[in-house]
Amino acid sequence: MADPVAEPSTAVLVVAAAGATVPDGLVDALADATDGEVDTVAPSALDNRLDGSHCPESVLVVGDASLSEDAREALSTTAASLVAYAEREPDPDASYVDGYVSRTADADRVVEEIDRACDGETRRQLRAARRRMTELHAGTADIAAADDVQSLFERTIAVARRVLDFDHCAIAVHENGEMVVRARSQDVDWLRPRVPVEDSVSGQAFQRGETLHVDDISTRDISDSDATGSGISVPLGSDAVFQTISTTPYAFDETDRELAELLATHVGQAYERLRAQAGLTRRERVMTELHEAAPRLVDADSVDALYKLVVEIAQRVLAFDRSCVYTADAERFTMRATTDTDFPGSSRAGSAQWR
């Protein structure tokens with residue numbers, strides 16, 4: 001089991017980007033608002049301050065909010081929010097930036113934005129949420145238009161790619177005690193195509209019939225002891241699970257969970273509708289083919305030919321794995337036709353085999 005995440009040792013970590021200076025009085029104002037739990041750090045040392053033992057609640061970047069790849073990766077593994085205090089708002093592509101305050105604003109406004117960022121309520125966060133919701137609603141029309149289950153699953157993966165930020169996502173279906181992957185965003189070695197229900201998070205979500213939001217997979221009781229990262233697993237219809245996965249812990253928040261659940265609701269409705277239609281179509285096809293086969297049975301020119309037709313139709317139309325015809329007299333059952341030579345040719349009447 002992984003060690004529990006340490007409590008933040010700093011409320012706000014202030015970072016001055018290259019060429020930027022922290023305004024006089026800003027650190028003191030932040031300290032007054034957070035009971036003194038404020039610290040400063042150079043950009044080059046930011047990723048080291050975002051580990052489990054020193055992670056702050058919030059990061060305030062003064063100046064250009066462009067971070068190194070190491071710092072962005074470290075930030076993605078924490079629940080810390082990041083606010084930019086800069087001349088202009090960062091690009092929307094800088095999704096790791098939760099809030100923005102103009103350099104013309106005073107310290108009180110900075111404190112307010114930090115609080116909002118922690119609550120997921122800054123303008124940037126709300127705009128991002130609206131964009132993702134718009135993408136989701138636009139994708140539901142494509143989902144509803146799917147005309148078979150496999151197409152539905154593949155369209156779901158495509159919509160999820162636009163709505164959720166993940167390293168991988170998949171849809172698995174329960175089959176004979178296993179969760180079997182039926183669609184995925186890409187081929188990856190670490191996602192097994194099938195796994196026993198009790199040994200996977202998707203299986204646990206299926207069994208419980210509820211969403212499982214796992215911040216750190218290493219804390220879960222699963223068969224893969226080397227698994228790392230986080231994920232959201234949402235039941236889909238009566239036997240499937242939609243799963244979005246990140247290779248880093250703490251990659252998803254409550255907004256991600258809500259969007260994944262809303263997506264799964266739309267897909268689940270379409271999934272059950274397509275399954276019902278497929279079942280009805282199959283029954284109609286079977287009835288049609290049975291009616292078409294009836295004249296062949298009537299026209300059989302011998303008893304043996306009739307028996308052979310019976311097992312042939314059972315296999316082709318009813319999709320039976322095995323079938324046979326036996327005739328019975330007072331003492332024995334005698335095989336007259338079969339699709340499987342492993343069936344016994346005869347058996348004594350009343351034997352346990354036939355009870």
# chains A, B, ... in the order shown; residues from 1 in each chain; ligands from 1
>>> residues_around(residues="region 207-218 of chain A", least_positions_apart="2", cutoff="9 Å", atoms="only C-alpha atoms", output="ChimeraX atom specification")
/A:1-2,197-198,201-205,220-222,224-236,238,248-254,257,261
>>> write_last_selection(atoms="N, CA, C and O atoms", output="tab-separated table (two decimals), in the first residue's frame")
chain	number	residue	atom	x	y	z
A	1	MET	N	0.84	-1.19	0.00
A	1	MET	CA	0.00	0.00	0.00
A	1	MET	C	0.88	1.25	0.00
A	1	MET	O	1.89	1.30	0.68
A	2	ALA	N	0.47	2.25	-0.78
A	2	ALA	CA	1.25	3.49	-0.82
A	2	ALA	C	1.03	4.28	0.45
A	2	ALA	O	0.01	4.17	1.12
A	197	VAL	N	-12.82	-10.40	-13.06
A	197	VAL	CA	-13.58	-9.31	-12.47
A	197	VAL	C	-13.00	-8.86	-11.15
A	197	VAL	O	-12.84	-7.66	-10.89
A	198	GLU	N	-12.66	-9.81	-10.30
A	198	GLU	CA	-12.22	-9.46	-8.94
A	198	GLU	C	-10.82	-8.86	-8.91
A	198	GLU	O	-10.39	-8.33	-7.88
A	201	VAL	N	-10.06	-2.78	-11.32
A	201	VAL	CA	-10.93	-1.68	-10.90
A	201	VAL	C	-12.20	-1.66	-11.74
A	201	VAL	O	-13.30	-1.42	-11.22
A	202	SER	N	-12.08	-1.93	-13.04
A	202	SER	CA	-13.28	-1.98	-13.88
A	202	SER	C	-14.23	-3.07	-13.41
A	202	SER	O	-15.46	-2.88	-13.40
A	203	GLY	N	-13.66	-4.20	-12.99
A	203	GLY	CA	-14.50	-5.27	-12.46
A	203	GLY	C	-15.18	-4.88	-11.17
A	203	GLY	O	-16.35	-5.21	-10.93
A	204	GLN	N	-14.47	-4.14	-10.31
A	204	GLN	CA	-15.06	-3.68	-9.06
A	204	GLN	C	-16.19	-2.70	-9.34
A	204	GLN	O	-17.23	-2.73	-8.66
A	205	ALA	N	-16.01	-1.81	-10.32
A	205	ALA	CA	-17.07	-0.87	-10.68
A	205	ALA	C	-18.29	-1.63	-11.22
A	205	ALA	O	-19.44	-1.28	-10.91
A	220	ARG	N	-5.04	0.33	-4.41
A	220	ARG	CA	-6.18	-0.58	-4.63
A	220	ARG	C	-5.71	-2.02	-4.59
A	220	ARG	O	-4.57	-2.36	-4.92
A	221	ASP	N	-6.62	-2.89	-4.23
A	221	ASP	CA	-6.35	-4.32	-4.18
A	221	ASP	C	-6.64	-4.91	-5.56
A	221	ASP	O	-7.76	-5.33	-5.86
A	222	ILE	N	-5.63	-4.92	-6.43
A	222	ILE	CA	-5.76	-5.47	-7.77
A	222	ILE	C	-4.60	-6.42	-8.03
A	222	ILE	O	-3.64	-6.48	-7.28
A	224	ASP	N	-2.34	-6.42	-10.45
A	224	ASP	CA	-1.10	-5.85	-10.98
A	224	ASP	C	-0.44	-4.97	-9.92
A	224	ASP	O	-0.81	-3.82	-9.73
A	225	SER	N	0.56	-5.50	-9.25
A	225	SER	CA	1.22	-4.78	-8.16
A	225	SER	C	2.09	-3.63	-8.67
A	225	SER	O	2.48	-2.75	-7.90
A	226	ASP	N	2.40	-3.62	-9.98
A	226	ASP	CA	3.24	-2.57	-10.54
A	226	ASP	C	2.43	-1.41	-11.13
A	226	ASP	O	3.00	-0.46	-11.65
A	227	ALA	N	1.11	-1.50	-11.06
A	227	ALA	CA	0.26	-0.46	-11.66
A	227	ALA	C	0.43	0.87	-10.94
A	227	ALA	O	0.52	0.92	-9.72
A	228	THR	N	0.49	1.94	-11.71
A	228	THR	CA	0.58	3.29	-11.15
A	228	THR	C	-0.41	4.18	-11.88
A	228	THR	O	-0.83	3.88	-13.00
A	229	GLY	N	-0.76	5.29	-11.25
A	229	GLY	CA	-1.63	6.25	-11.91
A	229	GLY	C	-2.97	6.39	-11.23
A	229	GLY	O	-3.15	6.04	-10.06
A	230	SER	N	-3.93	6.91	-11.99
A	230	SER	CA	-5.27	7.18	-11.46
A	230	SER	C	-6.29	6.93	-12.56
A	230	SER	O	-5.94	6.79	-13.74
A	231	GLY	N	-7.55	6.86	-12.18
A	231	GLY	CA	-8.58	6.60	-13.18
A	231	GLY	C	-9.98	6.77	-12.65
A	231	GLY	O	-10.21	6.85	-11.44
A	232	ILE	N	-10.91	6.82	-13.58
A	232	ILE	CA	-12.34	6.89	-13.27
A	232	ILE	C	-13.00	5.76	-14.05
A	232	ILE	O	-12.85	5.66	-15.27
A	233	SER	N	-13.73	4.90	-13.34
A	233	SER	CA	-14.42	3.77	-13.97
A	233	SER	C	-15.91	3.92	-13.72
A	233	SER	O	-16.34	3.99	-12.57
A	234	VAL	N	-16.70	3.96	-14.80
A	234	VAL	CA	-18.13	4.21	-14.69
A	234	VAL	C	-18.89	3.07	-15.35
A	234	VAL	O	-18.66	2.76	-16.52
A	235	PRO	N	-19.83	2.42	-14.62
A	235	PRO	CA	-20.65	1.38	-15.24
A	235	PRO	C	-21.41	1.92	-16.44
A	235	PRO	O	-21.87	3.07	-16.44
A	236	LEU	N	-21.55	1.07	-17.45
A	236	LEU	CA	-22.15	1.46	-18.72
A	236	LEU	C	-23.21	0.42	-19.06
A	236	LEU	O	-22.88	-0.73	-19.37
A	238	SER	N	-25.85	-2.49	-18.50
A	238	SER	CA	-25.96	-3.56	-17.50
A	238	SER	C	-24.71	-4.41	-17.37
A	238	SER	O	-24.56	-5.13	-16.38
A	248	THR	N	-0.37	8.98	-14.19
A	248	THR	CA	0.09	9.69	-13.00
A	248	THR	C	-1.04	9.75	-11.98
A	248	THR	O	-2.21	9.83	-12.34
A	249	PRO	N	-0.71	9.70	-10.69
A	249	PRO	CA	-1.75	9.79	-9.65
A	249	PRO	C	-2.39	11.18	-9.62
A	249	PRO	O	-1.83	12.16	-10.10
A	250	TYR	N	-3.58	11.24	-9.08
A	250	TYR	CA	-4.31	12.49	-8.85
A	250	TYR	C	-4.47	13.33	-10.12
A	250	TYR	O	-4.37	14.55	-10.09
A	251	ALA	N	-4.75	12.67	-11.24
A	251	ALA	CA	-4.86	13.38	-12.51
A	251	ALA	C	-6.27	13.90	-12.76
A	251	ALA	O	-6.47	14.78	-13.59
A	252	PHE	N	-7.27	13.37	-12.05
A	252	PHE	CA	-8.66	13.73	-12.33
A	252	PHE	C	-9.30	14.39	-11.12
A	252	PHE	O	-9.02	14.02	-9.98
A	253	ASP	N	-10.19	15.35	-11.39
A	253	ASP	CA	-10.91	16.01	-10.30
A	253	ASP	C	-12.40	15.68	-10.40
A	253	ASP	O	-12.82	14.86	-11.22
A	254	GLU	N	-13.20	16.35	-9.57
A	254	GLU	CA	-14.64	16.06	-9.55
A	254	GLU	C	-15.31	16.45	-10.86
A	254	GLU	O	-16.29	15.81	-11.26
A	257	ARG	N	-14.89	13.60	-13.13
A	257	ARG	CA	-15.80	12.52	-12.74
A	257	ARG	C	-17.22	12.80	-13.25
A	257	ARG	O	-17.89	11.92	-13.80
A	261	GLU	N	-19.30	10.56	-15.94
A	261	GLU	CA	-20.59	9.97	-15.60
A	261	GLU	C	-21.69	10.42	-16.56
A	261	GLU	O	-22.56	9.62	-16.95
>>> closest_atom_pairs(of="region 86-194 of chain A", to="region 63-66 of chain A", cutoff="9 Å", atoms="only C-alpha atoms", output="Markdown table")
| residue | atom | partner | partner_atom | distance |
| --- | --- | --- | --- | --- |
| A:Ala86 | CA | A:Gly63 | CA | 4.6 |
| A:Glu87 | CA | A:Gly63 | CA | 7.0 |
| A:Arg88 | CA | A:Asp64 | CA | 8.8 |
| A:Pro90 | CA | A:Ala65 | CA | 6.9 |
| A:Ala94 | CA | A:Ser66 | CA | 7.8 |
| A:Val97 | CA | A:Ala65 | CA | 7.7 |
| A:Arg103 | CA | A:Gly63 | CA | 8.4 |
>>> residues_around(residues="region 119-135 of chain A", least_positions_apart="4", cutoff="7 Å", atoms="only C-alpha atoms", output="MDAnalysis selection string")
chainID A and resid 98:99 113 115 139 162:163
>>> closest_atom_pairs(of="region 107-195 of chain A", to="region 28-43 of chain A", cutoff="10 Å", atoms="only C-alpha atoms", output="tab-separated table")
residue	atom	partner	partner_atom	distance
A:Ala107	CA	A:Ala29	CA	6.2
A:Asp108	CA	A:Ala29	CA	7.6
A:Val110	CA	A:Leu30	CA	8.4
A:Val111	CA	A:Leu30	CA	6.6
A:Glu112	CA	A:Ala33	CA	9.8
A:Ile114	CA	A:Leu30	CA	9.8
>>> atom_distance(atom1="CA of Phe166 (chain A)", atom2="CA of Ala45 (chain A)")
26.4 Å
>>> closest_residue(among="A:Leu75, A:Val195, A:Leu82, A:Leu290", to="Arg316 (chain A)", atoms="only C-alpha atoms")
A:Leu290
>>> closest_residue(among="A:Ala74, A:Val101, A:Ala138, A:Ala144", to="Leu274 (chain A)", atoms="only C-alpha atoms")
A:Ala144
>>> atom_distance(atom1="CA of Ala80 (chain A)", atom2="CA of Ala117 (chain A)")
9.2 Å
>>> select_by_dssp(residues="region 117-242 of chain A", states="helix (DSSP H, G or I)", output="PyMOL selection string")
chain A and resi 117-119+123-144+149-163+197-199+201-208+217-219
>>> residues_around(residues="Arg184 (chain A)", least_positions_apart="6", cutoff="7 Å", atoms="only C-alpha atoms", output="ChimeraX atom specification")
/A:157,169-171
>>> atom_distance(atom1="CA of Ser246 (chain A)", atom2="CA of Ala270 (chain A)")
26.3 Å
>>> closest_residue(among="A:Gly177, A:Ala293, A:Ala260, A:Ser200", to="Val159 (chain A)", atoms="only C-alpha atoms")
A:Ala260
>>> select_by_dssp(residues="region 220-312 of chain A", states="strand (DSSP E or B)", output="list in words")
Ser230, Gly231, Ile232, Ser233, Val234, Pro235, Leu236, Ala240, Val241, Phe242, Gln243, Thr244, Ile245 and Ser246 of chain A
>>> write_last_selection(atoms="N, CA and C atoms", output="compact mmCIF listing (two decimals), in the first residue's frame")
# COMPACT_ATOMS: atom_id res chain seq x y z
N SER A 230 -3.93 6.91 -11.99
CA SER A 230 -5.27 7.18 -11.46
C SER A 230 -6.29 6.93 -12.56
N GLY A 231 -7.55 6.86 -12.18
CA GLY A 231 -8.58 6.60 -13.18
C GLY A 231 -9.98 6.77 -12.65
N ILE A 232 -10.91 6.82 -13.58
CA ILE A 232 -12.34 6.89 -13.27
C ILE A 232 -13.00 5.76 -14.05
N SER A 233 -13.73 4.90 -13.34
CA SER A 233 -14.42 3.77 -13.97
C SER A 233 -15.91 3.92 -13.72
N VAL A 234 -16.70 3.96 -14.80
CA VAL A 234 -18.13 4.21 -14.69
C VAL A 234 -18.89 3.07 -15.35
N PRO A 235 -19.83 2.42 -14.62
CA PRO A 235 -20.65 1.38 -15.24
C PRO A 235 -21.41 1.92 -16.44
N LEU A 236 -21.55 1.07 -17.45
CA LEU A 236 -22.15 1.46 -18.72
C LEU A 236 -23.21 0.42 -19.06
N ALA A 240 -21.25 -3.35 -18.93
CA ALA A 240 -20.02 -2.73 -19.45
C ALA A 240 -19.53 -1.64 -18.50
N VAL A 241 -18.26 -1.27 -18.68
CA VAL A 241 -17.65 -0.22 -17.86
C VAL A 241 -16.81 0.68 -18.77
N PHE A 242 -17.02 1.99 -18.64
CA PHE A 242 -16.18 2.97 -19.32
C PHE A 242 -15.09 3.40 -18.34
N GLN A 243 -13.85 3.42 -18.83
CA GLN A 243 -12.71 3.69 -17.94
C GLN A 243 -11.77 4.69 -18.59
N THR A 244 -11.48 5.79 -17.87
CA THR A 244 -10.49 6.75 -18.32
C THR A 244 -9.30 6.69 -17.36
N ILE A 245 -8.09 6.64 -17.91
CA ILE A 245 -6.90 6.30 -17.13
C ILE A 245 -5.79 7.31 -17.38
N SER A 246 -5.09 7.69 -16.32
CA SER A 246 -3.86 8.47 -16.42
C SER A 246 -2.73 7.68 -15.79
